[in-house]
file input-v2.cif (mmCIF, C-alpha atoms)
data_run
loop_
_atom_site.label_atom_id
_atom_site.label_comp_id
_atom_site.auth_asym_id
_atom_site.auth_seq_id
_atom_site.Cartn_x
_atom_site.Cartn_y
_atom_site.Cartn_z
CA MET A 1 0.00 0.00 0.00
CA GLU A 2 1.22 3.46 -0.85
CA ASN A 3 1.78 6.18 1.72
CA ARG A 4 -1.00 8.73 1.65
CA ILE A 5 -0.22 12.26 2.69
CA ILE A 6 -2.69 15.05 3.30
CA PRO A 7 -1.05 18.42 3.91
CA ILE A 8 -2.49 20.44 6.80
CA ASP A 9 -1.88 24.00 7.88
CA SER A 10 1.56 24.43 9.52
CA THR A 11 0.09 26.19 12.56
CA LEU A 12 -2.36 23.34 13.10
CA ALA A 13 0.44 20.79 12.66
CA HIS A 14 2.63 22.59 15.22
CA THR A 15 -0.24 22.87 17.73
CA MET A 16 -1.10 19.20 17.29
CA LYS A 17 2.56 18.21 17.76
CA LEU A 18 2.75 20.11 21.07
CA ILE A 19 -0.48 18.49 22.25
CA MET A 20 0.80 15.01 21.32
CA LEU A 21 4.12 15.61 23.08
CA SER A 22 2.22 16.56 26.24
CA MET A 23 0.36 13.23 26.32
CA THR A 24 3.14 11.26 28.01
CA GLN A 25 0.80 9.71 30.60
CA TYR A 26 -0.88 7.55 27.93
CA ASP A 27 0.13 4.07 26.81
CA TYR A 28 -0.19 2.61 23.33
CA ALA A 29 -3.36 0.54 22.92
CA PHE A 30 -2.63 -2.91 21.55
CA ILE A 31 -5.69 -4.42 19.88
CA ASP A 32 -6.18 -8.20 19.87
CA TYR A 33 -8.89 -8.12 17.16
CA SER A 34 -11.38 -10.21 19.12
CA TRP A 35 -15.05 -9.19 18.80
CA SER A 36 -15.02 -7.52 22.23
CA SER A 37 -11.81 -5.69 21.39
CA LEU A 38 -13.21 -4.46 18.09
CA VAL A 39 -16.36 -3.16 19.78
CA TYR A 40 -14.80 -1.89 23.03
CA ASP A 41 -11.10 -1.11 22.47
CA LEU A 42 -11.64 0.46 19.06
CA HIS A 43 -14.53 2.62 20.25
CA PRO A 44 -13.43 6.16 19.29
CA ASP A 45 -13.41 7.37 22.91
CA MET A 46 -11.13 4.46 23.86
CA GLN A 47 -8.82 5.09 20.90
CA LYS A 48 -8.56 8.72 22.04
CA GLY A 49 -7.40 7.84 25.55
CA LYS A 50 -10.54 7.44 27.69
CA LYS A 51 -8.91 4.60 29.66
CA GLY A 52 -5.35 5.90 29.39
CA LYS A 53 -4.44 4.23 26.08
CA LEU A 54 -4.23 5.66 22.58
CA THR A 55 -4.15 4.21 19.09
CA CYS A 56 -2.15 5.84 16.30
CA VAL A 57 -5.28 7.39 14.79
CA GLY A 58 -6.73 8.16 18.22
CA ILE A 59 -3.83 10.43 19.17
CA ILE A 60 -4.11 12.29 15.86
CA GLU A 61 -7.86 12.83 16.16
CA ARG A 62 -7.61 13.81 19.83
CA ALA A 63 -4.85 16.33 19.04
CA ALA A 64 -6.98 17.78 16.22
CA GLU A 65 -9.92 18.11 18.62
CA LYS A 66 -7.84 19.68 21.40
CA SER A 67 -6.28 22.11 18.91
CA GLY A 68 -9.78 23.39 18.14
CA TYR A 69 -9.87 22.16 14.56
CA ASP A 70 -13.41 22.46 13.14
CA GLY A 71 -14.73 23.94 16.37
CA GLY A 72 -13.19 21.16 18.47
CA GLU A 73 -14.71 18.33 16.41
CA GLY A 74 -11.33 17.34 15.00
CA PHE A 75 -10.91 15.92 11.52
CA LEU A 76 -14.02 13.75 11.90
CA LYS A 77 -17.27 14.87 13.47
CA ASP A 78 -18.41 12.69 16.39
CA GLU A 79 -21.14 11.07 14.28
CA GLU A 80 -18.54 10.15 11.64
CA GLU A 81 -16.42 8.27 14.20
CA ARG A 82 -18.98 5.55 14.99
CA ILE A 83 -22.26 3.97 14.04
CA SER A 84 -24.78 2.59 16.54
CA ILE A 85 -26.88 -0.39 15.58
CA ARG A 86 -30.08 -1.17 17.47
CA PHE A 87 -31.50 -4.67 17.70
CA LEU A 88 -34.92 -6.06 18.60
CA ALA A 89 -36.82 -2.78 18.66
CA ASP A 90 -34.61 -1.27 21.35
CA LEU A 91 -35.00 -4.21 23.74
CA LEU A 92 -31.22 -4.63 23.74
CA PRO A 93 -28.72 -1.81 24.10
CA PRO A 94 -27.26 -0.63 20.79
CA ILE A 95 -23.90 -1.93 19.59
CA THR A 96 -21.53 0.86 18.64
CA LEU A 97 -19.15 0.02 15.84
CA PRO A 98 -16.06 2.17 15.40
CA LEU A 99 -15.42 4.06 12.19
CA LEU A 100 -12.44 6.10 13.42
CA SER A 101 -9.54 4.98 11.26
CA PRO A 102 -6.66 6.42 9.23
CA GLU A 103 -8.70 5.68 6.09
CA ALA A 104 -11.69 7.66 7.41
CA ILE A 105 -9.53 10.71 8.11
CA TYR A 106 -7.81 10.40 4.74
CA ARG A 107 -11.09 10.18 2.86
CA LYS A 108 -12.49 13.16 4.78
CA LEU A 109 -9.49 15.40 4.13
CA LYS A 110 -8.35 14.40 0.64
CA PRO A 111 -9.03 16.96 -2.04
CA MET A 112 -12.22 16.27 -3.94
CA LYS A 113 -11.78 15.36 -7.59
CA ARG A 114 -14.23 17.01 -9.93
CA LEU A 115 -16.22 14.73 -12.16
CA PRO A 116 -15.78 15.30 -15.86
CA ARG A 117 -18.53 17.37 -17.41
CA ILE A 118 -21.21 15.15 -18.83
CA LYS A 119 -22.80 16.21 -22.09
CA ASN A 120 -26.03 15.10 -23.67
CA ILE A 121 -26.28 13.95 -27.25
CA ALA A 122 -26.60 17.56 -28.46
CA GLY A 123 -23.36 18.45 -26.70
CA ASP A 124 -24.97 20.55 -23.98
CA SER A 125 -23.84 20.14 -20.39
CA ILE A 126 -26.41 18.19 -18.38
CA HIS A 127 -25.30 19.31 -14.92
CA ASP A 128 -24.49 22.63 -13.33
CA ASP A 129 -21.18 23.52 -11.77
CA PHE A 130 -21.29 23.35 -7.99
#

call {"tool": "encode", "arguments": {"input": "input-v2.cif", "output": "structure tokens"}}
result
Amino acid sequence: MENRIIPIDSTLAHTMKLIMLSMTQYDYAFIDYSWSSLVYDLHPDMQKGKKGKLTCVGIIERAAEKSGYDGGEGFLKDEEERISIRFLADLLPPITLPLLSPEAIYRKLKPMKRLPRIKNIAGDSIHDDF
């Protein structure tokens, strides 16, 4: 897999670096990839240090949040970091599945590619610029 780089503002990068360097009390979160680990340990709050451990993407997102990026939401809004699934008409508590990942941040921040203009048979554009 290729390395994917998304440039960010140098002031944001410096602020995030200082925040990350100040997080010395946290350990690295090792994930065992069991079902409980995927649901619990990879929950976005856990990845961002709720129980004193961080993942590689968790420290980046937490630093972005603490730096005030996007009003404190970080690179991903809270609702983009997880999805809750309800079973049996709310008789059971919902299962929260994590979406916070390097891929999610990359896809959110990568520059959008414009679609080529589509023309109808007469050669007229069939969509407006937006």

call {"tool": "residues_around", "arguments": {"input": "input-v2.cif", "residues": "stretch 90-105 of chain A", "least_positions_apart": "5", "cutoff": "12 Å", "atoms": "all atoms listed in the file", "output": "compact mmCIF listing (two decimals) with C-alpha atoms, keeping the file's coordinate frame"}}
result
# COMPACT_ATOMS: atom_id res chain seq x y z
CA ASN A 3 1.78 6.18 1.72
CA ARG A 4 -1.00 8.73 1.65
CA ILE A 5 -0.22 12.26 2.69
CA ILE A 6 -2.69 15.05 3.30
CA TRP A 35 -15.05 -9.19 18.80
CA SER A 36 -15.02 -7.52 22.23
CA SER A 37 -11.81 -5.69 21.39
CA LEU A 38 -13.21 -4.46 18.09
CA VAL A 39 -16.36 -3.16 19.78
CA TYR A 40 -14.80 -1.89 23.03
CA ASP A 41 -11.10 -1.11 22.47
CA LEU A 42 -11.64 0.46 19.06
CA HIS A 43 -14.53 2.62 20.25
CA PRO A 44 -13.43 6.16 19.29
CA ASP A 45 -13.41 7.37 22.91
CA MET A 46 -11.13 4.46 23.86
CA GLN A 47 -8.82 5.09 20.90
CA LYS A 48 -8.56 8.72 22.04
CA THR A 55 -4.15 4.21 19.09
CA CYS A 56 -2.15 5.84 16.30
CA VAL A 57 -5.28 7.39 14.79
CA GLY A 58 -6.73 8.16 18.22
CA ILE A 59 -3.83 10.43 19.17
CA ILE A 60 -4.11 12.29 15.86
CA GLU A 61 -7.86 12.83 16.16
CA ARG A 62 -7.61 13.81 19.83
CA ALA A 64 -6.98 17.78 16.22
CA GLY A 74 -11.33 17.34 15.00
CA PHE A 75 -10.91 15.92 11.52
CA LEU A 76 -14.02 13.75 11.90
CA LYS A 77 -17.27 14.87 13.47
CA ASP A 78 -18.41 12.69 16.39
CA GLU A 79 -21.14 11.07 14.28
CA GLU A 80 -18.54 10.15 11.64
CA GLU A 81 -16.42 8.27 14.20
CA ARG A 82 -18.98 5.55 14.99
CA ILE A 83 -22.26 3.97 14.04
CA SER A 84 -24.78 2.59 16.54
CA ILE A 85 -26.88 -0.39 15.58
CA LYS A 110 -8.35 14.40 0.64
CA PRO A 111 -9.03 16.96 -2.04

call {"tool": "atom_distance", "arguments": {"input": "input-v2.cif", "atom1": "atom CA of A:Tyr28", "atom2": "atom CA of A:Lys53"}}
result
5.3 Å

call {"tool": "atom_distance", "arguments": {"input": "input-v2.cif", "atom1": "atom CA of A:Asp27", "atom2": "atom CA of A:Tyr106"}}
result
24.3 Å

call {"tool": "atom_distance", "arguments": {"input": "input-v2.cif", "atom1": "atom CA of A:Gly72", "atom2": "atom CA of A:Leu12"}}
result
12.3 Å

call {"tool": "closest_residue", "arguments": {"input": "input-v2.cif", "among": "A:Lys108, A:Lys66, A:Tyr26, A:Ser34", "to": "A:Gly49", "atoms": "only C-alpha atoms"}}
result
A:Tyr26
